[in-house]
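Participant: My structure is below; once you've seen it, I'll send some questions.
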Amino acid sequence: MAHSDTRNQFGNLRVKNAIDCVGRCKDGYLYTIHRDDTKSYREQLEENQSGEAIWPETIARFRRRVAPGAVYHYRDEDGARKRTKVTDTRYPHICLFDNGQAYSWADVIRCSRAGVNTLGEWPK
């Protein structure tokens, strides 16, 4: 079968809900026969992203828990990794540090998760 014919057949099967795209691999997409309990590729992506999301409830809980004096790391102008401490937590959207910088609560929460994290640096 030609490539275009195969694409058309897969398109027809998807329109009829006979198959579901369940993943992505290096050569294309992975399909499976439609079942009610099968999660689509989009549903799997949304589920993974919701686990990484920082919700307003998380920020409110974390603001109550963090206290002045908590230690975090940042990069200075030369690119060296240095320590800084929290100085003020009373603002609703930002947290102030003793190095004169203010970071969003989302960044502070992300840096508090497991692993080596630096304020102001987001994974690519």
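For the structure tokens, the naming scheme is as follows: chains receive sequential letters (A, B, ...) according to their order of presentation, residues are indexed from 1 within each chain, and ligands are indexed from 1 in presentation order.
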So which residues of chain A fall under strand (DSSP E) by DSSP, listed as a PyMOL selection string?
Facilitator: chain A and resi 19-25+28-33+71-75+81-88+94-97+102-104
Participant: Residues at most 8 Å from region 32-39 of chain A, counting only C-alpha atoms, excluding those fewer than 2 positions away in the same chain, as an MDAnalysis selection string?
Facilitator: chainID A and resid 17:22 30 41 43:44
Participant: For Glu52 (chain A), please output as a list in words all residues within 12 Å (counting only C-alpha atoms; exclusion window: fewer than 2 positions along the same chain).
Facilitator: Leu45, Glu46, Glu47, Asn48, Gln49, Ser50, Ile54, Trp55, Thr58, Ala106, Ile109, Arg110, Arg113 and Pro123 of chain A
Participant: Which polymer residues have any atom within 6 Å of an atom of Leu96 (chain A), counting only C-alpha atoms, with same-chain residues fewer than 2 positions away left out, as JSON, numbers by chain?
Facilitator: {"A": [87, 88, 102]}
Participant: Could you tell me how far CA of Val71 (chain A) lies from CA of Ala53 (chain A), in Å and to one decimal?
Facilitator: 23.1 Å
Participant: Out of A:Arg24, A:Lys82, A:Arg75, A:Arg7, which residue has the shortest atom-to-atom distance to Gly120 (chain A) when counting only C-alpha atoms?
Facilitator: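 Checking each of A:Arg24, A:Lys82, A:Arg75, A:Arg7 against Gly120 (chain A), counting only C-alpha atoms, the winner is A:Arg75.
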Participant: I need the residue nearest Glu57 (chain A) from this list: A:Trp105, A:Asp98, A:Cys111, A:Asp27. Use only C-alpha atoms for the distance.
Facilitator: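 That would be A:Trp105, the residue with the smallest distance to Glu57 (chain A).
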Participant: Using Å and a single decimal, report how far CA of Thr118 (chain A) sits from CA of Gly79 (chain A).
Facilitator: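 Pair CA of Gly79 (chain A) / CA of Thr118 (chain A) returns 11.4 Å.
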Participant: With distances taken over only C-alpha atoms, which residue among A:Ser112, A:Tyr29, A:Tyr72, A:Asn117 lies nearest Asn99 (chain A)?
Facilitator: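 Smallest distance to Asn99 (chain A) is found for A:Tyr72.
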